[in-house]
>>> print(open('my_file.pdb').read())   # PDB, C-alpha atoms
ATOM      1  CA  MET A   1       0.000   0.000   0.000
ATOM      2  CA  GLU A   2       1.427   3.378  -0.996
ATOM      3  CA  GLN A   3       1.850   5.781   1.893
ATOM      4  CA  ASN A   4       0.514   9.355   1.830
ATOM      5  CA  TYR A   5       3.710  10.695   3.382
ATOM      6  CA  ILE A   6       7.479  10.566   2.872
ATOM      7  CA  ILE A   7      10.245   9.910   5.381
ATOM      8  CA  ALA A   8      13.324  12.057   4.814
ATOM      9  CA  THR A   9      16.577  12.661   6.630
ATOM     10  CA  ALA A  10      19.909  14.487   6.452
ATOM     11  CA  SER A  11      23.415  13.338   5.589
ATOM     12  CA  THR A  12      24.196  13.387   9.325
ATOM     13  CA  CYS A  13      22.340  10.061   9.668
ATOM     14  CA  ASP A  14      25.697   8.580   8.543
ATOM     15  CA  LEU A  15      24.002   5.813   6.563
ATOM     16  CA  THR A  16      25.404   4.890   3.171
ATOM     17  CA  ARG A  17      24.240   6.435  -0.078
ATOM     18  CA  ASP A  18      23.370   2.939  -1.324
ATOM     19  CA  TYR A  19      20.990   2.300   1.581
ATOM     20  CA  LEU A  20      19.263   5.670   1.229
ATOM     21  CA  GLU A  21      18.787   5.316  -2.513
ATOM     22  CA  GLU A  22      17.682   1.675  -2.370
ATOM     23  CA  ASN A  23      15.014   2.626   0.168
ATOM     24  CA  ASN A  24      13.974   5.866  -1.566
ATOM     25  CA  ILE A  25      14.827   7.989   1.461
ATOM     26  CA  PRO A  26      15.695  11.536   0.340
ATOM     27  CA  PHE A  27      18.374  13.342   2.345
ATOM     28  CA  ILE A  28      19.542  16.926   2.561
ATOM     29  CA  PRO A  29      23.357  17.174   2.487
ATOM     30  CA  TYR A  30      25.338  19.277   4.925
ATOM     31  CA  SER A  31      28.303  21.166   3.506
ATOM     32  CA  TYR A  32      31.915  21.183   4.658
ATOM     33  CA  ILE A  33      34.943  23.227   3.707
ATOM     34  CA  VAL A  34      38.514  22.073   3.091
ATOM     35  CA  GLY A  35      40.843  24.990   2.407
ATOM     36  CA  ASP A  36      38.957  27.262   0.029
ATOM     37  CA  ASP A  37      36.799  24.517  -1.429
ATOM     38  CA  VAL A  38      33.198  23.772  -0.438
ATOM     39  CA  TYR A  39      31.919  20.200  -0.656
ATOM     40  CA  TYR A  40      28.593  18.508   0.070
ATOM     41  CA  ASP A  41      28.293  15.421   2.226
ATOM     42  CA  ASP A  42      27.300  12.774  -0.335
ATOM     43  CA  CYS A  43      27.134   9.790   2.085
ATOM     44  CA  LEU A  44      29.547   7.791  -0.061
ATOM     45  CA  GLU A  45      31.974   5.511   1.759
ATOM     46  CA  GLU A  46      34.794   6.376  -0.660
ATOM     47  CA  THR A  47      34.318  10.093   0.096
ATOM     48  CA  ARG A  48      34.554   9.418   3.821
ATOM     49  CA  ASP A  49      37.760   7.427   3.337
ATOM     50  CA  LYS A  50      39.368  10.184   1.272
ATOM     51  CA  VAL A  51      38.388  12.947   3.709
ATOM     52  CA  TYR A  52      39.866  11.154   6.739
ATOM     53  CA  LYS A  53      43.083  10.490   4.853
ATOM     54  CA  ARG A  54      43.276  14.230   4.134
ATOM     55  CA  MET A  55      42.624  15.048   7.789
ATOM     56  CA  ARG A  56      45.392  12.686   8.873
ATOM     57  CA  GLY A  57      47.581  14.577   6.431
ATOM     58  CA  GLY A  58      46.936  17.794   8.336
ATOM     59  CA  GLU A  59      44.051  19.360   6.414
ATOM     60  CA  ILE A  60      41.383  21.066   8.517
ATOM     61  CA  LEU A  61      37.660  20.731   7.875
ATOM     62  CA  SER A  62      34.959  23.168   8.904
ATOM     63  CA  THR A  63      31.196  22.872   8.596
ATOM     64  CA  SER A  64      28.274  25.270   8.481
ATOM     65  CA  ALA A  65      24.569  25.160   9.249
ATOM     66  CA  ILE A  66      21.994  24.567   6.519
ATOM     67  CA  ASN A  67      20.100  27.805   5.925
ATOM     68  CA  ALA A  68      16.317  28.193   5.729
ATOM     69  CA  PHE A  69      16.378  28.764   1.966
ATOM     70  CA  THR A  70      18.123  25.437   1.337
ATOM     71  CA  TYR A  71      15.656  23.622   3.575
ATOM     72  CA  ARG A  72      12.778  25.267   1.743
ATOM     73  CA  GLU A  73      14.109  24.099  -1.631
ATOM     74  CA  PHE A  74      14.580  20.557  -0.307
ATOM     75  CA  PHE A  75      11.103  20.284   1.195
ATOM     76  CA  GLU A  76       9.375  22.015  -1.708
ATOM     77  CA  GLU A  77      10.733  19.427  -4.128
ATOM     78  CA  LEU A  78       9.255  16.671  -1.939
ATOM     79  CA  LEU A  79       5.934  18.484  -1.530
ATOM     80  CA  LYS A  80       5.470  18.319  -5.305
ATOM     81  CA  GLN A  81       4.627  14.652  -4.749
ATOM     82  CA  ASN A  82       1.513  15.863  -2.895
ATOM     83  CA  LYS A  83       2.529  14.014   0.269
ATOM     84  CA  ASP A  84       3.300  14.953   3.864
ATOM     85  CA  ILE A  85       6.857  14.699   5.258
ATOM     86  CA  VAL A  86       8.416  13.191   8.371
ATOM     87  CA  PHE A  87      11.914  14.694   8.600
ATOM     88  CA  MET A  88      14.616  13.312  10.887
ATOM     89  CA  ASP A  89      17.938  15.026  11.514
ATOM     90  CA  MET A  90      20.331  15.026  14.434
ATOM     91  CA  SER A  91      19.314  16.126  17.913
ATOM     92  CA  ARG A  92      18.189  19.713  18.468
ATOM     93  CA  PRO A  93      20.947  20.542  21.069
ATOM     94  CA  LEU A  94      23.650  19.382  18.638
ATOM     95  CA  SER A  95      22.349  21.079  15.495
ATOM     96  CA  ALA A  96      22.749  24.750  14.670
ATOM     97  CA  SER A  97      20.531  24.050  11.642
ATOM     98  CA  TYR A  98      17.456  22.992  13.606
ATOM     99  CA  ARG A  99      15.888  26.456  13.920
ATOM    100  CA  PHE A 100      16.465  27.188  10.224
ATOM    101  CA  CYS A 101      14.609  23.994   9.401
ATOM    102  CA  ASP A 102      11.690  25.119  11.571
ATOM    103  CA  GLU A 103      11.727  28.546   9.883
ATOM    104  CA  ALA A 104      11.534  26.958   6.435
ATOM    105  CA  ILE A 105       8.627  24.755   7.517
ATOM    106  CA  GLU A 106       6.709  27.753   8.869
ATOM    107  CA  GLU A 107       7.180  29.585   5.564
ATOM    108  CA  LEU A 108       6.020  26.575   3.545
ATOM    109  CA  LYS A 109       2.820  26.281   5.571
ATOM    110  CA  LYS A 110       1.632  29.492   3.912
ATOM    111  CA  ASP A 111       2.067  28.076   0.410
ATOM    112  CA  TYR A 112       1.081  24.485   1.227
ATOM    113  CA  PRO A 113      -1.626  24.801   3.924
ATOM    114  CA  ASP A 114      -2.922  21.285   3.281
ATOM    115  CA  ARG A 115       0.440  19.578   3.746
ATOM    116  CA  ARG A 116       2.255  18.613   6.968
ATOM    117  CA  ILE A 117       6.013  18.688   7.541
ATOM    118  CA  VAL A 118       7.111  17.346  10.930
ATOM    119  CA  ASN A 119      10.668  18.122  12.031
ATOM    120  CA  VAL A 120      11.267  15.369  14.585
ATOM    121  CA  ASN A 121      13.566  16.105  17.521
ATOM    122  CA  THR A 122      15.213  12.698  17.316
ATOM    123  CA  CYS A 123      17.560  13.114  20.325
ATOM    124  CA  CYS A 124      19.973  11.052  18.220
ATOM    125  CA  VAL A 125      23.091  11.775  16.207
ATOM    126  CA  SER A 126      25.281  10.037  13.638
ATOM    127  CA  GLY A 127      24.692   6.278  13.547
ATOM    128  CA  GLY A 128      22.131   6.612  16.330
ATOM    129  CA  LEU A 129      20.078   8.701  13.930
ATOM    130  CA  GLY A 130      20.899   6.177  11.201
ATOM    131  CA  LEU A 131      19.613   3.309  13.321
ATOM    132  CA  LEU A 132      16.425   5.260  14.026
ATOM    133  CA  VAL A 133      15.940   5.977  10.311
ATOM    134  CA  MET A 134      16.374   2.280   9.501
ATOM    135  CA  MET A 135      13.786   1.230  12.088
ATOM    136  CA  VAL A 136      11.374   3.982  11.024
ATOM    137  CA  ASN A 137      11.761   2.835   7.426
ATOM    138  CA  GLU A 138      10.723  -0.660   8.457
ATOM    139  CA  GLN A 139       7.617   0.738  10.157
ATOM    140  CA  TYR A 140       6.906   2.877   7.100
ATOM    141  CA  LYS A 141       7.163  -0.100   4.731
ATOM    142  CA  ALA A 142       4.865  -2.082   7.006
ATOM    143  CA  GLY A 143       2.178   0.519   6.271
ATOM    144  CA  LYS A 144       2.064   2.396   9.579
ATOM    145  CA  PRO A 145       0.076   5.645   9.192
ATOM    146  CA  MET A 146       1.933   8.911   9.796
ATOM    147  CA  ASP A 147       0.474   9.736  13.215
ATOM    148  CA  GLU A 148       1.100   6.203  14.453
ATOM    149  CA  LEU A 149       4.641   6.397  13.134
ATOM    150  CA  LEU A 150       5.274   9.672  14.969
ATOM    151  CA  THR A 151       4.007   8.082  18.194
ATOM    152  CA  TRP A 152       6.247   5.073  17.570
ATOM    153  CA  ILE A 153       9.267   7.371  17.151
ATOM    154  CA  GLU A 154       8.577   9.127  20.447
ATOM    155  CA  ASP A 155       8.169   5.772  22.213
ATOM    156  CA  ASN A 156      11.419   4.313  20.842
ATOM    157  CA  LYS A 157      13.948   7.045  20.087
ATOM    158  CA  LEU A 158      15.345   7.146  23.639
ATOM    159  CA  LYS A 159      16.068   3.410  23.511
ATOM    160  CA  ILE A 160      18.959   4.036  21.116
ATOM    161  CA  ALA A 161      22.212   4.160  23.072
ATOM    162  CA  HIS A 162      25.212   6.149  21.754
ATOM    163  CA  ARG A 163      28.792   5.548  22.901
ATOM    164  CA  PHE A 164      31.825   7.340  21.410
ATOM    165  CA  THR A 165      35.511   7.800  21.979
ATOM    166  CA  VAL A 166      37.929  10.109  20.171
ATOM    167  CA  ASP A 167      41.606   9.485  19.563
ATOM    168  CA  ASP A 168      42.964  13.026  19.298
ATOM    169  CA  LEU A 169      41.685  15.857  21.513
ATOM    170  CA  SER A 170      43.083  18.505  19.167
ATOM    171  CA  TRP A 171      40.029  18.139  16.907
ATOM    172  CA  LEU A 172      37.651  18.791  19.797
ATOM    173  CA  LYS A 173      39.831  21.755  20.773
ATOM    174  CA  ARG A 174      39.547  23.271  17.284
ATOM    175  CA  GLY A 175      35.777  23.006  17.459
ATOM    176  CA  GLY A 176      35.648  24.610  20.910
ATOM    177  CA  ARG A 177      34.465  21.387  22.588
ATOM    178  CA  VAL A 178      37.424  21.388  24.989
ATOM    179  CA  SER A 179      39.801  24.144  26.115
ATOM    180  CA  ASN A 180      43.401  24.444  24.970
ATOM    181  CA  ALA A 181      44.597  23.549  28.464
ATOM    182  CA  ALA A 182      42.377  20.490  28.732
ATOM    183  CA  ALA A 183      43.481  19.291  25.307
ATOM    184  CA  LEU A 184      47.157  19.749  26.206
ATOM    185  CA  VAL A 185      46.904  17.959  29.539
ATOM    186  CA  GLY A 186      44.750  15.225  28.042
ATOM    187  CA  THR A 187      47.226  14.656  25.230
ATOM    188  CA  LEU A 188      50.213  14.550  27.590
ATOM    189  CA  LEU A 189      48.463  12.033  29.858
ATOM    190  CA  SER A 190      46.935  10.078  26.934
ATOM    191  CA  ILE A 191      43.426  10.777  28.248
ATOM    192  CA  LYS A 192      40.648   9.544  25.975
ATOM    193  CA  PRO A 193      37.140  10.805  26.765
ATOM    194  CA  VAL A 194      34.292   8.331  26.455
ATOM    195  CA  LEU A 195      31.212  10.212  25.317
ATOM    196  CA  TYR A 196      27.507   9.475  25.606
ATOM    197  CA  VAL A 197      24.188  10.969  24.475
ATOM    198  CA  PRO A 198      21.674  11.265  27.346
ATOM    199  CA  ASN A 199      17.908  11.671  26.971
ATOM    200  CA  ASP A 200      18.057  15.378  26.130
ATOM    201  CA  GLY A 201      20.109  14.636  23.016
ATOM    202  CA  SER A 202      23.223  16.520  24.128
ATOM    203  CA  LEU A 203      26.730  15.069  24.138
ATOM    204  CA  VAL A 204      28.447  14.503  27.482
ATOM    205  CA  VAL A 205      31.630  12.903  28.787
ATOM    206  CA  SER A 206      30.569   9.801  30.711
ATOM    207  CA  THR A 207      34.097   8.881  31.774
ATOM    208  CA  LYS A 208      37.758   9.373  30.883
ATOM    209  CA  ALA A 209      40.115   6.514  30.115
ATOM    210  CA  ARG A 210      43.906   6.376  30.177
ATOM    211  CA  GLY A 211      44.904   5.269  26.711
ATOM    212  CA  ARG A 212      43.084   4.072  23.624
ATOM    213  CA  LYS A 213      42.847   0.405  24.626
ATOM    214  CA  ARG A 214      41.264   1.325  27.951
ATOM    215  CA  ALA A 215      38.759   3.608  26.208
ATOM    216  CA  LEU A 216      37.695   0.826  23.854
ATOM    217  CA  ALA A 217      37.447  -1.620  26.757
ATOM    218  CA  THR A 218      35.271   0.853  28.666
ATOM    219  CA  ILE A 219      32.886   1.125  25.723
ATOM    220  CA  ILE A 220      32.727  -2.656  25.314
ATOM    221  CA  ASP A 221      32.066  -3.198  29.030
ATOM    222  CA  SER A 222      29.294  -0.592  29.034
ATOM    223  CA  ILE A 223      27.628  -2.128  25.986
ATOM    224  CA  LYS A 224      27.750  -5.604  27.518
ATOM    225  CA  LYS A 225      26.001  -4.329  30.635
ATOM    226  CA  ASP A 226      23.308  -2.694  28.533
ATOM    227  CA  LEU A 227      22.781  -5.805  26.402
ATOM    228  CA  VAL A 228      22.556  -8.396  29.183
ATOM    229  CA  ASN A 229      18.824  -8.835  28.609
ATOM    230  CA  TYR A 230      18.614  -7.493  25.054
ATOM    231  CA  ALA A 231      21.376  -9.166  23.052
ATOM    232  CA  ASP A 232      19.287 -11.798  21.260
ATOM    233  CA  GLY A 233      18.140 -10.277  18.008
ATOM    234  CA  ALA A 234      19.993  -7.031  18.707
ATOM    235  CA  ARG A 235      21.121  -4.794  15.860
ATOM    236  CA  ILE A 236      24.314  -2.815  16.395
ATOM    237  CA  LEU A 237      25.819  -0.128  14.181
ATOM    238  CA  ILE A 238      29.477   0.864  14.532
ATOM    239  CA  ASN A 239      30.737   3.998  12.784
ATOM    240  CA  HIS A 240      34.463   4.636  12.493
ATOM    241  CA  ALA A 241      36.639   7.451  11.197
ATOM    242  CA  ASP A 242      39.477   5.646   9.399
ATOM    243  CA  CYS A 243      39.967   2.995  12.118
ATOM    244  CA  TYR A 244      38.202  -0.068  10.739
ATOM    245  CA  ASP A 245      40.382  -2.587  12.591
ATOM    246  CA  GLU A 246      39.303  -1.222  15.972
ATOM    247  CA  ALA A 247      35.666  -1.194  14.884
ATOM    248  CA  LYS A 248      36.068  -4.843  13.857
ATOM    249  CA  TYR A 249      37.672  -5.616  17.229
ATOM    250  CA  ILE A 250      34.650  -4.222  19.084
ATOM    251  CA  ALA A 251      32.289  -6.165  16.816
ATOM    252  CA  ASP A 252      34.195  -9.411  17.409
ATOM    253  CA  GLU A 253      34.213  -8.917  21.188
ATOM    254  CA  LEU A 254      30.467  -8.306  21.287
ATOM    255  CA  LYS A 255      29.670 -11.220  18.991
ATOM    256  CA  ALA A 256      31.811 -13.563  21.076
ATOM    257  CA  GLU A 257      30.026 -12.495  24.270
ATOM    258  CA  TYR A 258      26.533 -12.529  22.739
ATOM    259  CA  PRO A 259      26.287 -14.904  19.746
ATOM    260  CA  GLY A 260      22.548 -14.187  19.587
ATOM    261  CA  ILE A 261      23.156 -10.671  18.259
ATOM    262  CA  LYS A 262      21.249 -10.423  14.987
ATOM    263  CA  GLU A 263      23.474  -8.001  13.122
ATOM    264  CA  ILE A 264      26.565  -5.853  13.621
ATOM    265  CA  MET A 265      27.094  -3.296  10.864
ATOM    266  CA  ILE A 266      30.388  -1.431  10.422
ATOM    267  CA  LYS A 267      30.211   1.798   8.406
ATOM    268  CA  GLY A 268      32.400   4.818   7.842
ATOM    269  CA  LEU A 269      31.601   7.832  10.008
ATOM    270  CA  GLY A 270      29.987  10.712   8.157
ATOM    271  CA  VAL A 271      32.166  13.646   7.204
ATOM    272  CA  VAL A 272      30.203  16.325   9.115
ATOM    273  CA  ILE A 273      30.452  14.582  12.492
ATOM    274  CA  GLY A 274      34.032  13.575  11.738
ATOM    275  CA  ALA A 275      35.030  17.177  11.031
ATOM    276  CA  HIS A 276      34.508  17.984  14.721
ATOM    277  CA  CYS A 277      35.922  14.773  16.204
ATOM    278  CA  GLY A 278      38.712  13.846  13.810
ATOM    279  CA  PRO A 279      40.108  10.559  12.497
ATOM    280  CA  GLY A 280      40.102   7.739  15.009
ATOM    281  CA  LEU A 281      36.613   8.339  16.354
ATOM    282  CA  ILE A 282      34.741   5.133  17.199
ATOM    283  CA  ALA A 283      30.982   5.272  17.786
ATOM    284  CA  VAL A 284      28.679   2.384  18.707
ATOM    285  CA  PHE A 285      24.877   2.513  18.556
ATOM    286  CA  TYR A 286      22.368  -0.099  19.677
ATOM    287  CA  ILE A 287      18.921  -0.663  21.175
ATOM    288  CA  THR A 288      18.479  -1.135  24.889
ATOM    289  CA  ASP A 289      15.560  -0.667  27.308
ATOM    290  CA  LYS A 290      16.484   2.947  28.000
ATOM    291  CA  ARG A 291      19.484   5.252  27.963
ATOM    292  CA  SER A 292      21.613   5.553  31.063
ATOM    293  CA  GLU A 293      21.681   9.068  32.435
TER     294      GLU A 293
END
>>> encode(input="my_file.pdb", output="structure tokens")
Amino acid sequence: MEQNYIIATASTCDLTRDYLEENNIPFIPYSYIVGDDVYYDDCLEETRDKVYKRMRGGEILSTSAINAFTYREFFEELLKQNKDIVFMDMSRPLSASYRFCDEAIEELKKDYPDRRIVNVNTCCVSGGLGLLVMMVNEQYKAGKPMDELLTWIEDNKLKIAHRFTVDDLSWLKRGGRVSNAAALVGTLLSIKPVLYVPNDGSLVVSTKARGRKRALATIIDSIKKDLVNYADGARILINHADCYDEAKYIADELKAEYPGIKEIMIKGLGVVIGAHCGPGLIAVFYITDKRSE
């Protein structure tokens, strides 16, 4: 049965271009700048690989918010299909673009009074958003009406756990996420922050580990605790920024502990998130009963 609405997302869902195109999920691309050149996040794995190689070579990336005009163009093209829209981007506290999206929707209401565009506050980011999009797509294909789908999202979005660690604090320093002093001390002591997304959709440091191996072990231990009663049939998504071997190590450890896990996907981290965290970021996303505060 054909639905009377469309699900759409942004490139910050960090899914692959192949998945989005195969499932007819339109996405709005964020832009990023390298030197004097502006690029658009195309969700291609080969693009992600090339960008992280350039970052390891010393090139600096910067990103910018999507403006209201660009959102309007994106949504207006979809509205030509005479359908409503459920739009999912990264969490409101982490997105400078969120208010511009809302502004564009308010403007479009004047020209399309009979159409609905819902900008969902997903409280997710990166692969957490990607996992939500995948599950929403399954509900959509099963024929769930729009209002029921929106209720389903609200009931399930906070069950997606997010765990990250970064390898080099200098990238967080450039983006203003940590001070120069904290980055210097952390680098000298080989401190690796382990990050988490709580219910409000912000990004917080849950703990600090001494060294990369300890940071990865901390993430694995935390995931195992969360999955004690939820491993059978679980779906896990691991995003990495040019550190596939470590992503594979985490996947192998989890599979060995819980052979009932349904699927562990390993994908490249999207360029926009990676611009702020740098090469070496590992992020793991999975479903549990609720997020730990």
>>> resolve_selection(input="my_file.pdb", expression="the PyMOL selection byres ((chain A and resi 230) around 12)", output="list in words")
Lys159, Ile223, Lys224, Lys225, Asp226, Leu227, Val228, Asn229, Ala231, Asp232, Gly233, Ala234, Arg235, Ile236, Tyr258, Pro259, Gly260, Ile261, Lys262, Tyr286, Ile287, Thr288, Asp289 and Lys290 of chain A
>>> atom_distance(input="my_file.pdb", atom1="atom CA of Ser97 of chain A", atom2="atom CA of Ala68 of chain A")
8.4 Å
>>> resolve_selection(input="my_file.pdb", expression="the PyMOL selection byres ((chain A and resi 42) around 8)", output="list in words")
Ser11, Arg17, Pro29, Tyr40, Asp41, Cys43, Leu44 and Thr47 of chain A
>>> write_last_selection(input="my_file.pdb", atoms="C-alpha atoms", output="PDB file, in the coordinates of the input")
ATOM      1  CA  SER A  11      23.415  13.338   5.589  1.00  0.00           C
ATOM      2  CA  ARG A  17      24.240   6.435  -0.078  1.00  0.00           C
ATOM      3  CA  PRO A  29      23.357  17.174   2.487  1.00  0.00           C
ATOM      4  CA  TYR A  40      28.593  18.508   0.070  1.00  0.00           C
ATOM      5  CA  ASP A  41      28.293  15.421   2.226  1.00  0.00           C
ATOM      6  CA  CYS A  43      27.134   9.790   2.085  1.00  0.00           C
ATOM      7  CA  LEU A  44      29.547   7.791  -0.061  1.00  0.00           C
ATOM      8  CA  THR A  47      34.318  10.093   0.096  1.00  0.00           C
TER       9      THR A  47
END
>>> closest_atom_pairs(input="my_file.pdb", of="segment 3-82 of chain A", to="segment 132-153 of chain A", cutoff="10 Å", atoms="all atoms listed in the file", output="JSON lines")
{"residue": "A:Gln3", "atom": "CA", "partner": "A:Gly143", "partner_atom": "CA", "distance": 6.9}
{"residue": "A:Asn4", "atom": "CA", "partner": "A:Met146", "partner_atom": "CA", "distance": 8.1}
{"residue": "A:Tyr5", "atom": "CA", "partner": "A:Met146", "partner_atom": "CA", "distance": 6.9}
{"residue": "A:Ile6", "atom": "CA", "partner": "A:Tyr140", "partner_atom": "CA", "distance": 8.8}
{"residue": "A:Ile7", "atom": "CA", "partner": "A:Asn137", "partner_atom": "CA", "distance": 7.5}
{"residue": "A:Ala8", "atom": "CA", "partner": "A:Val133", "partner_atom": "CA", "distance": 8.6}
{"residue": "A:Thr9", "atom": "CA", "partner": "A:Val133", "partner_atom": "CA", "distance": 7.7}
{"residue": "A:Cys13", "atom": "CA", "partner": "A:Val133", "partner_atom": "CA", "distance": 7.6}
{"residue": "A:Leu15", "atom": "CA", "partner": "A:Val133", "partner_atom": "CA", "distance": 8.9}
{"residue": "A:Tyr19", "atom": "CA", "partner": "A:Met134", "partner_atom": "CA", "distance": 9.2}
{"residue": "A:Leu20", "atom": "CA", "partner": "A:Met134", "partner_atom": "CA", "distance": 9.4}
{"residue": "A:Asn23", "atom": "CA", "partner": "A:Asn137", "partner_atom": "CA", "distance": 8.0}
{"residue": "A:Asn24", "atom": "CA", "partner": "A:Asn137", "partner_atom": "CA", "distance": 9.7}
{"residue": "A:Ile25", "atom": "CA", "partner": "A:Asn137", "partner_atom": "CA", "distance": 8.5}
>>> resolve_selection(input="my_file.pdb", expression="the PyMOL selection byres ((chain A and resi 222) around 12)", output="PyMOL selection string")
chain A and resi 161-164+194-196+206-207+215-221+223-228+250+254+284-286+288+291-292
>>> residues_around(input="my_file.pdb", residues="segment 114-122 of chain A", least_positions_apart="5", cutoff="9 Å", atoms="only C-alpha atoms", output="PyMOL selection string")
chain A and resi 5+75+79+82-92+98+101-102+105+108-109+129+132+150+153-154+157-158+201
>>> atom_distance(input="my_file.pdb", atom1="atom CA of Cys123 of chain A", atom2="atom CA of Pro198 of chain A")
8.3 Å
>>> closest_residue(input="my_file.pdb", among="A:Ile282, A:Ile160, A:Val205, A:Val34", to="Gly130 of chain A", atoms="only C-alpha atoms")
A:Ile160
>>> closest_residue(input="my_file.pdb", among="A:Gly274, A:Leu281, A:Leu94, A:Leu269", to="Asp167 of chain A", atoms="only C-alpha atoms")
A:Leu281
>>> atom_distance(input="my_file.pdb", atom1="atom CA of Ile60 of chain A", atom2="atom CA of Lys213 of chain A")
26.2 Å
>>> closest_residue(input="my_file.pdb", among="A:Leu61, A:Cys124, A:Ala209, A:Ala275", to="Asp36 of chain A", atoms="all atoms listed in the file")
A:Leu61
